[in-house]
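Source file: model09.cif; contents: mmCIF, C-alpha atoms.
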data_upload
#
loop_
_atom_site.label_atom_id
_atom_site.label_comp_id
_atom_site.auth_asym_id
_atom_site.auth_seq_id
_atom_site.Cartn_x
_atom_site.Cartn_y
_atom_site.Cartn_z
CA MET A 1 0.05 14.89 -3.28
CA ASN A 2 1.89 17.92 -4.71
CA LEU A 3 4.89 17.21 -2.47
CA ILE A 4 5.02 13.61 -3.69
CA LYS A 5 4.73 14.75 -7.30
CA LEU A 6 7.63 17.17 -6.86
CA ARG A 7 9.82 14.44 -5.33
CA LEU A 8 8.96 12.02 -8.11
CA LEU A 9 9.73 14.56 -10.81
CA ARG A 10 13.09 15.26 -9.17
CA PHE A 11 13.82 11.55 -9.40
CA SER A 12 12.81 11.11 -13.03
CA GLU A 13 12.77 13.33 -16.08
CA THR A 14 9.36 12.03 -17.14
CA VAL A 15 6.63 10.17 -15.24
CA VAL A 16 3.96 8.19 -17.07
CA GLY A 17 0.91 6.88 -15.23
CA ILE A 18 -0.42 3.84 -17.11
CA THR A 19 -4.00 2.63 -16.61
CA LYS A 20 -6.22 0.05 -18.28
CA SER A 21 -8.62 2.72 -19.54
CA ASN A 22 -8.79 6.52 -19.75
CA THR A 23 -11.86 6.78 -17.50
CA ARG A 24 -10.03 8.56 -14.66
CA HIS A 25 -7.35 10.38 -16.63
CA GLU A 26 -8.91 13.81 -16.24
CA GLU A 27 -9.40 13.25 -12.51
CA ILE A 28 -5.79 12.12 -12.10
CA LEU A 29 -4.41 15.13 -13.95
CA THR A 30 -6.57 17.46 -11.85
CA GLU A 31 -5.39 15.90 -8.59
CA VAL A 32 -1.71 15.58 -9.45
CA GLY A 33 -1.44 18.81 -11.42
CA GLU A 34 -0.56 19.06 -15.07
CA THR A 35 3.03 19.39 -16.21
CA ASP A 36 4.87 18.51 -19.40
CA ARG A 37 6.86 15.96 -17.38
CA PHE A 38 3.85 14.01 -16.15
CA ARG A 39 1.24 12.34 -18.33
CA VAL A 40 -1.27 9.52 -18.20
CA ALA A 41 -1.73 6.85 -20.83
CA THR A 42 -3.52 3.56 -21.34
CA THR A 43 -1.85 0.17 -21.69
CA GLU A 44 -2.84 0.29 -25.35
CA ASP A 45 -1.03 3.62 -25.78
CA CYS A 46 2.17 2.10 -24.41
CA VAL A 47 2.42 -1.02 -26.57
CA GLY A 48 6.02 -1.43 -27.65
CA LYS A 49 7.37 1.10 -25.13
CA LYS A 50 9.60 0.11 -22.22
CA TYR A 51 10.66 2.06 -19.13
CA LYS A 52 13.73 1.86 -16.93
CA ASN A 53 11.76 2.08 -13.68
CA VAL A 54 8.26 0.66 -13.20
CA VAL A 55 5.96 0.69 -10.17
CA PHE A 56 3.05 -1.78 -10.38
CA CYS A 57 0.32 -0.78 -7.92
CA ALA A 58 -2.94 -2.08 -9.38
CA PRO A 59 -5.08 -4.27 -7.06
CA PRO A 60 -5.88 -7.94 -7.83
CA SER A 61 -9.59 -7.19 -8.17
CA GLY A 62 -9.15 -5.74 -11.66
CA PHE A 63 -7.65 -8.86 -13.23
CA ASP A 64 -8.83 -12.37 -14.06
CA ASP A 65 -5.27 -13.69 -13.64
CA TYR A 66 -3.37 -11.29 -11.42
CA PRO A 67 0.04 -13.04 -11.30
CA ALA A 68 0.03 -13.32 -15.10
CA ALA A 69 -0.83 -9.62 -15.43
CA VAL A 70 2.05 -8.63 -13.16
CA GLU A 71 4.46 -10.87 -15.06
CA ASP A 72 3.24 -9.50 -18.39
CA CYS A 73 3.93 -5.96 -17.17
CA MET A 74 7.47 -6.96 -16.20
CA LYS A 75 8.12 -8.42 -19.64
CA THR A 76 6.42 -5.80 -21.81
CA VAL A 77 6.72 -2.51 -19.89
CA TRP A 78 9.93 -2.83 -17.86
CA ALA A 79 13.26 -2.51 -19.66
CA GLY A 80 14.64 -5.20 -17.37
CA PRO A 81 17.28 -5.48 -14.62
CA ASN A 82 20.19 -5.25 -17.05
CA GLU A 83 19.26 -1.61 -17.74
CA GLY A 84 19.93 -0.67 -14.11
CA GLY A 85 16.32 0.18 -13.27
CA ILE A 86 13.78 -1.13 -10.80
CA PHE A 87 10.49 -3.04 -11.05
CA LEU A 88 8.64 -2.35 -7.80
CA PHE A 89 5.51 -4.35 -6.99
CA THR A 90 3.27 -3.05 -4.21
CA SER A 91 2.05 -6.13 -2.35
CA SER A 92 0.31 -6.41 1.02
CA GLY A 93 1.18 -7.52 4.53
CA GLY A 94 -1.98 -9.59 4.34
CA ILE A 95 0.21 -12.12 2.54
CA TYR A 96 1.23 -13.46 5.96
CA GLY A 97 -2.31 -14.59 6.70
CA PHE A 98 -3.96 -14.38 10.11
CA GLY A 99 -1.68 -13.96 13.10
CA ASN A 100 -2.29 -15.32 16.56
CA ASP A 101 -1.13 -13.95 19.93
CA LYS A 102 0.41 -10.82 18.42
CA GLN A 103 3.14 -12.75 16.63
CA VAL A 104 5.81 -10.53 15.10
CA VAL A 105 6.49 -10.84 11.38
CA THR A 106 9.37 -9.46 9.37
CA GLU A 107 10.39 -9.41 5.74
CA ASN A 108 11.67 -12.99 6.12
CA SER A 109 8.65 -14.50 7.88
CA PRO A 110 6.81 -17.32 6.08
CA VAL A 111 3.70 -16.33 4.14
CA ALA A 112 0.31 -17.98 4.33
CA ASP A 113 -0.37 -21.34 2.69
CA PRO A 114 -1.77 -20.37 -0.73
CA SER A 115 -3.77 -23.62 -0.96
CA LYS A 116 -5.75 -22.59 2.12
CA ASN A 117 -6.04 -18.88 1.37
CA PRO A 118 -7.07 -18.09 -2.24
CA ARG A 119 -7.05 -14.35 -1.57
CA SER A 120 -3.43 -14.39 -0.44
CA ALA A 121 -2.53 -16.87 -3.16
CA ARG A 122 -2.86 -14.22 -5.87
CA LEU A 123 -0.32 -12.00 -4.12
CA ILE A 124 1.98 -14.88 -3.22
CA ASN A 125 2.09 -16.10 -6.80
CA ALA A 126 2.54 -12.56 -8.12
CA GLU A 127 5.44 -11.98 -5.71
CA GLU A 128 7.12 -15.19 -6.85
CA ARG A 129 7.05 -13.99 -10.45
CA VAL A 130 8.31 -10.52 -9.53
CA LEU A 131 11.23 -11.82 -7.48
CA GLY A 132 12.00 -14.46 -10.12
CA GLY A 133 12.20 -11.71 -12.74
CA GLY A 134 14.53 -9.54 -10.68
CA GLY A 135 11.95 -7.13 -9.26
CA ALA A 136 11.18 -5.99 -5.72
CA CYS A 137 8.14 -6.48 -3.49
CA PHE A 138 6.89 -3.85 -1.04
CA ARG A 139 4.44 -5.42 1.42
CA LEU A 140 2.30 -2.54 2.63
CA ALA A 141 0.33 -2.34 5.87
CA GLY A 142 -3.34 -1.35 5.85
CA LEU A 143 -3.56 1.92 3.95
CA TYR A 144 -5.54 4.90 5.19
CA SER A 145 -6.22 8.59 4.74
CA LEU A 146 -8.80 10.70 6.53
CA THR A 147 -11.71 9.28 4.55
CA ARG A 148 -10.27 6.01 3.26
CA GLY A 149 -9.52 2.91 5.28
CA ALA A 150 -11.15 0.45 7.65
CA HIS A 151 -11.93 3.15 10.21
CA ASN A 152 -14.17 5.02 7.80
CA PHE A 153 -16.27 1.94 7.07
CA TRP A 154 -16.45 0.89 10.71
CA LEU A 155 -17.66 4.31 11.86
CA THR A 156 -19.95 5.35 9.02
CA SER A 157 -21.54 2.14 7.75
CA GLY A 158 -23.81 1.66 10.76
CA LYS A 159 -22.84 -2.02 10.78
CA ASP A 160 -21.29 -4.14 13.50
CA VAL A 161 -17.59 -5.03 13.08
CA SER A 162 -16.93 -8.74 12.68
CA GLY A 163 -13.48 -8.73 14.33
CA ARG A 164 -12.62 -8.55 18.00
CA ALA A 165 -12.19 -5.12 19.60
CA ASP A 166 -8.63 -5.89 20.73
CA GLY A 167 -7.61 -7.32 17.37
CA ILE A 168 -4.39 -5.83 16.03
CA VAL A 169 -4.24 -3.84 12.78
CA ASN A 170 -1.03 -2.54 11.20
CA GLN A 171 -1.41 0.72 9.29
CA LEU A 172 0.26 3.10 6.87
CA HIS A 173 -0.85 6.47 5.53
CA TYR A 174 -1.24 6.61 1.74
CA ASP A 175 1.28 9.44 1.50
CA ASP A 176 3.83 7.46 3.53
CA ALA A 177 3.31 4.47 1.23
CA ALA A 178 4.12 6.72 -1.73
CA ARG A 179 7.16 8.11 0.05
CA ALA A 180 8.40 4.58 0.75
CA VAL A 181 8.10 3.73 -2.95
CA LEU A 182 10.08 6.86 -3.82
CA ALA A 183 12.69 5.86 -1.25
CA GLY A 184 12.94 2.48 -2.97
CA LEU A 185 13.46 4.10 -6.36
CA SER A 186 16.06 6.43 -4.91
CA ALA A 187 17.90 3.58 -3.15
CA GLY A 188 18.68 2.02 -6.49
CA SER A 189 18.55 -1.41 -8.06
CA SER A 190 21.48 -2.81 -6.07
CA VAL A 191 19.52 -2.27 -2.85
CA VAL A 192 15.99 -3.02 -4.00
CA ASN A 193 15.82 -5.54 -6.84
CA GLY A 194 15.23 -9.14 -5.78
CA GLU A 195 14.27 -8.12 -2.25
CA VAL A 196 11.15 -8.02 -0.07
CA PHE A 197 10.35 -4.97 2.08
CA LEU A 198 7.75 -4.63 4.84
CA ILE A 199 6.34 -1.12 5.14
CA SER A 200 4.24 0.15 8.05
CA ASP A 201 4.19 3.04 10.52
CA GLY A 202 5.48 0.71 13.25
CA HIS A 203 2.61 1.50 15.62
CA PRO A 204 -0.09 -1.19 15.32
CA LEU A 205 -3.40 -0.42 17.05
CA THR A 206 -6.44 -2.39 18.08
CA ARG A 207 -9.67 -2.00 16.14
CA GLU A 208 -11.24 -0.23 19.09
CA LYS A 209 -8.31 2.16 19.46
CA ILE A 210 -8.43 2.93 15.73
CA CYS A 211 -12.07 3.96 16.03
CA GLU A 212 -11.37 6.00 19.17
CA SER A 213 -8.51 7.78 17.38
CA ALA A 214 -10.66 8.56 14.36
CA LEU A 215 -13.33 10.08 16.59
CA LYS A 216 -10.78 12.67 17.71
CA ASN A 217 -10.97 14.19 14.24
CA LYS A 218 -13.78 16.66 13.55
CA HIS A 219 -14.58 14.82 10.32
CA PHE A 220 -16.15 12.04 12.38
CA PHE A 221 -18.04 14.29 14.79
CA GLY A 222 -21.34 12.73 15.81
CA TYR A 223 -20.35 9.12 15.11
CA GLU A 224 -20.08 6.48 17.81
CA LEU A 225 -17.98 3.41 18.44
CA PRO A 226 -19.38 0.39 16.61
CA LYS A 227 -20.10 -2.94 18.22
CA PHE A 228 -17.35 -5.52 17.81
CA LEU A 229 -18.58 -9.07 17.34
CA GLY A 230 -15.28 -10.94 17.62
CA THR A 231 -14.63 -13.37 20.48
CA ASN A 232 -11.55 -14.64 22.29
CA GLU A 233 -11.50 -17.57 19.89
CA ASP A 234 -10.78 -15.26 16.94
CA PRO A 235 -7.15 -14.44 16.02
CA VAL A 236 -5.65 -11.38 17.69
CA GLY A 237 -3.51 -10.50 14.71
CA LYS A 238 0.15 -10.00 13.92
CA ILE A 239 2.62 -7.18 14.47
CA TYR A 240 4.78 -5.93 11.62
CA ASP A 241 8.45 -5.28 12.26
CA GLY A 242 9.74 -3.46 9.19
CA SER A 243 12.75 -1.90 10.89
CA ALA A 244 15.16 -3.64 8.51
CA SER A 245 13.26 -2.18 5.54
CA ASN A 246 13.31 1.29 7.07
CA THR A 247 17.07 1.08 7.49
CA ALA A 248 17.73 -0.26 4.00
CA LEU A 249 15.53 2.39 2.37
CA LYS A 250 16.63 5.20 4.73
CA TRP A 251 12.93 5.89 5.23
CA ASP A 252 10.66 6.66 8.16
CA PRO A 253 6.96 7.51 8.07
CA MET A 254 5.92 11.14 8.28
CA TYR A 255 2.80 10.07 10.18
CA GLN A 256 4.19 8.09 13.09
CA SER A 257 0.83 6.52 13.90
CA PHE A 258 -2.84 6.60 12.93
CA ASP A 259 -3.62 8.21 16.27
CA THR A 260 -1.09 10.99 15.66
CA PHE A 261 -2.56 11.70 12.23
CA MET A 262 -6.15 11.84 13.43
CA ALA A 263 -5.32 14.03 16.44
CA SER A 264 -3.46 16.47 14.18
CA GLY A 265 -6.64 17.45 12.36
CA GLU A 266 -4.98 17.12 8.96
CA SER A 267 -7.09 16.09 5.99
#
Using the file provided, produce a representation of the structure as structure tokens.
Amino acid sequence: MNLIKLRLLRFSETVVGITKSNTRHEEILTEVGETDRFRVATTEDCVGKKYKNVVFCAPPSGFDDYPAAVEDCMKTVWAGPNEGGIFLFTSSGGIYGFGNDKQVVTENSPVADPSKNPRSARLINAEERVLGGGGACFRLAGLYSLTRGAHNFWLTSGKDVSGRADGIVNQLHYDDAARAVLAGLSAGSSVVNGEVFLISDGHPLTREKICESALKNKHFFGYELPKFLGTNEDPVGKIYDGSASNTALKWDPMYQSFDTFMASGES
């Protein structure tokens, strides 16, 4: 986190973290580290203020109308594309829907039908508004850290896993997601604005392999592989190919795979 903070502060003179309430402000300042160039504020504090570069990374769950909230942020917080800055919206690779037979998807692959997938519809509609307003969309793979991510729930919940053991999951460490965002900001508006990027570590794993990899880390000592309830009739999943995004952003993940991270013993 400190490394990411230092890189972000090198990029910008001042960084403002805007949240809906001040509930977690003290926690954020403790984790990031206080400096006169970084502060946290509420949306109410920022009324009437606009910023050259904006990263929107709040999940849909916190909004009644997510696409409208994203669009409102573009109009009221971002200074706009004519100022030479970037509006970067962190979306999800889940926007492609379920994938069968390990189909490969890229930045240009069709997304799921929003009429048949309400969950994806919120992201699809939000992306349309971002791209229409001159912003950029970063579709992130499944995020993880040592204690956050699907693996943690699968191993510690004591519950069976609904998917098939050989089902494919694309992943990305939280720190690498942050680094990709910083790479987007550094690349500049001429590279990023109006574009879609697909961000992953490039090493998709099966659900079973993810659990086996996590068990290599001492944090999960004593846990066992869960039971997978999926059948051959369930979708296998899709494979992300974000190589074009990596090239455009001049970015590569620090953690080459989930297995590499877990075997390293890092926290």
Hits from the PyMOL selection byres ((chain A and resi 97) around 12), listed as an MDAnalysis selection string
chainID A and resid 92:96 98:100 103 105 109:121 123:124 235:239
Deliver the residues from the most recent selection as a file, using C-alpha atoms, as a tab-separated table (two decimals), keeping the file's coordinate frame.
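Writing done, so here's again10.tsv:
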chain	number	residue	atom	x	y	z
A	92	SER	CA	0.31	-6.41	1.02
A	93	GLY	CA	1.18	-7.52	4.53
A	94	GLY	CA	-1.98	-9.59	4.34
A	95	ILE	CA	0.21	-12.12	2.54
A	96	TYR	CA	1.23	-13.46	5.96
A	98	PHE	CA	-3.96	-14.38	10.11
A	99	GLY	CA	-1.68	-13.96	13.10
A	100	ASN	CA	-2.29	-15.32	16.56
A	103	GLN	CA	3.14	-12.75	16.63
A	105	VAL	CA	6.49	-10.84	11.38
A	109	SER	CA	8.65	-14.50	7.88
A	110	PRO	CA	6.81	-17.32	6.08
A	111	VAL	CA	3.70	-16.33	4.14
A	112	ALA	CA	0.31	-17.98	4.33
A	113	ASP	CA	-0.37	-21.34	2.69
A	114	PRO	CA	-1.77	-20.37	-0.73
A	115	SER	CA	-3.77	-23.62	-0.96
A	116	LYS	CA	-5.75	-22.59	2.12
A	117	ASN	CA	-6.04	-18.88	1.37
A	118	PRO	CA	-7.07	-18.09	-2.24
A	119	ARG	CA	-7.05	-14.35	-1.57
A	120	SER	CA	-3.43	-14.39	-0.44
A	121	ALA	CA	-2.53	-16.87	-3.16
A	123	LEU	CA	-0.32	-12.00	-4.12
A	124	ILE	CA	1.98	-14.88	-3.22
A	235	PRO	CA	-7.15	-14.44	16.02
A	236	VAL	CA	-5.65	-11.38	17.69
A	237	GLY	CA	-3.51	-10.50	14.71
A	238	LYS	CA	0.15	-10.00	13.92
A	239	ILE	CA	2.62	-7.18	14.47
Give me the result of the PyMOL selection byres ((chain A and resi 214-216) around 9) on this file, residue by residue, as a PyMOL selection string.
chain A and resi 146+151-152+155+209-213+217-225+258-259+261-265
Please provide as a PyMOL selection string all residues within 12 Å of A:Ala150, with the sequence filter that same-chain residues fewer than 2 positions apart are discarded (counting only C-alpha atoms).
chain A and resi 141-148+152-157+161-163+169-172+206-208+210-211+214+258
Target residues per the PyMOL selection byres ((chain A and resi 87) around 12), formatted as a PDB file with C-alpha atoms, keeping the file's coordinate frame:
ATOM      1  CA  LYS A  50       9.600   0.110 -22.220  1.00  0.00           C
ATOM      2  CA  TYR A  51      10.660   2.060 -19.130  1.00  0.00           C
ATOM      3  CA  LYS A  52      13.730   1.860 -16.930  1.00  0.00           C
ATOM      4  CA  ASN A  53      11.760   2.080 -13.680  1.00  0.00           C
ATOM      5  CA  VAL A  54       8.260   0.660 -13.200  1.00  0.00           C
ATOM      6  CA  VAL A  55       5.960   0.690 -10.170  1.00  0.00           C
ATOM      7  CA  PHE A  56       3.050  -1.780 -10.380  1.00  0.00           C
ATOM      8  CA  CYS A  57       0.320  -0.780  -7.920  1.00  0.00           C
ATOM      9  CA  VAL A  70       2.050  -8.630 -13.160  1.00  0.00           C
ATOM     10  CA  GLU A  71       4.460 -10.870 -15.060  1.00  0.00           C
ATOM     11  CA  CYS A  73       3.930  -5.960 -17.170  1.00  0.00           C
ATOM     12  CA  MET A  74       7.470  -6.960 -16.200  1.00  0.00           C
ATOM     13  CA  LYS A  75       8.120  -8.420 -19.640  1.00  0.00           C
ATOM     14  CA  THR A  76       6.420  -5.800 -21.810  1.00  0.00           C
ATOM     15  CA  VAL A  77       6.720  -2.510 -19.890  1.00  0.00           C
ATOM     16  CA  TRP A  78       9.930  -2.830 -17.860  1.00  0.00           C
ATOM     17  CA  ALA A  79      13.260  -2.510 -19.660  1.00  0.00           C
ATOM     18  CA  GLY A  80      14.640  -5.200 -17.370  1.00  0.00           C
ATOM     19  CA  PRO A  81      17.280  -5.480 -14.620  1.00  0.00           C
ATOM     20  CA  ASN A  82      20.190  -5.250 -17.050  1.00  0.00           C
ATOM     21  CA  GLU A  83      19.260  -1.610 -17.740  1.00  0.00           C
ATOM     22  CA  GLY A  84      19.930  -0.670 -14.110  1.00  0.00           C
ATOM     23  CA  GLY A  85      16.320   0.180 -13.270  1.00  0.00           C
ATOM     24  CA  ILE A  86      13.780  -1.130 -10.800  1.00  0.00           C
ATOM     25  CA  LEU A  88       8.640  -2.350  -7.800  1.00  0.00           C
ATOM     26  CA  PHE A  89       5.510  -4.350  -6.990  1.00  0.00           C
ATOM     27  CA  THR A  90       3.270  -3.050  -4.210  1.00  0.00           C
ATOM     28  CA  GLU A 127       5.440 -11.980  -5.710  1.00  0.00           C
ATOM     29  CA  ARG A 129       7.050 -13.990 -10.450  1.00  0.00           C
ATOM     30  CA  VAL A 130       8.310 -10.520  -9.530  1.00  0.00           C
ATOM     31  CA  LEU A 131      11.230 -11.820  -7.480  1.00  0.00           C
ATOM     32  CA  GLY A 132      12.000 -14.460 -10.120  1.00  0.00           C
ATOM     33  CA  GLY A 133      12.200 -11.710 -12.740  1.00  0.00           C
ATOM     34  CA  GLY A 134      14.530  -9.540 -10.680  1.00  0.00           C
ATOM     35  CA  GLY A 135      11.950  -7.130  -9.260  1.00  0.00           C
ATOM     36  CA  ALA A 136      11.180  -5.990  -5.720  1.00  0.00           C
ATOM     37  CA  CYS A 137       8.140  -6.480  -3.490  1.00  0.00           C
ATOM     38  CA  PHE A 138       6.890  -3.850  -1.040  1.00  0.00           C
ATOM     39  CA  VAL A 181       8.100   3.730  -2.950  1.00  0.00           C
ATOM     40  CA  GLY A 184      12.940   2.480  -2.970  1.00  0.00           C
ATOM     41  CA  LEU A 185      13.460   4.100  -6.360  1.00  0.00           C
ATOM     42  CA  GLY A 188      18.680   2.020  -6.490  1.00  0.00           C
ATOM     43  CA  SER A 189      18.550  -1.410  -8.060  1.00  0.00           C
ATOM     44  CA  VAL A 192      15.990  -3.020  -4.000  1.00  0.00           C
ATOM     45  CA  ASN A 193      15.820  -5.540  -6.840  1.00  0.00           C
ATOM     46  CA  GLY A 194      15.230  -9.140  -5.780  1.00  0.00           C
ATOM     47  CA  GLU A 195      14.270  -8.120  -2.250  1.00  0.00           C
TER      48      GLU A 195
END
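Take the candidates A:Glu44, A:Asp101, A:Glu107, A:Asp175 and check each one against A:Leu198 using only C-alpha atoms; the shortest distance goes to A:Glu107.
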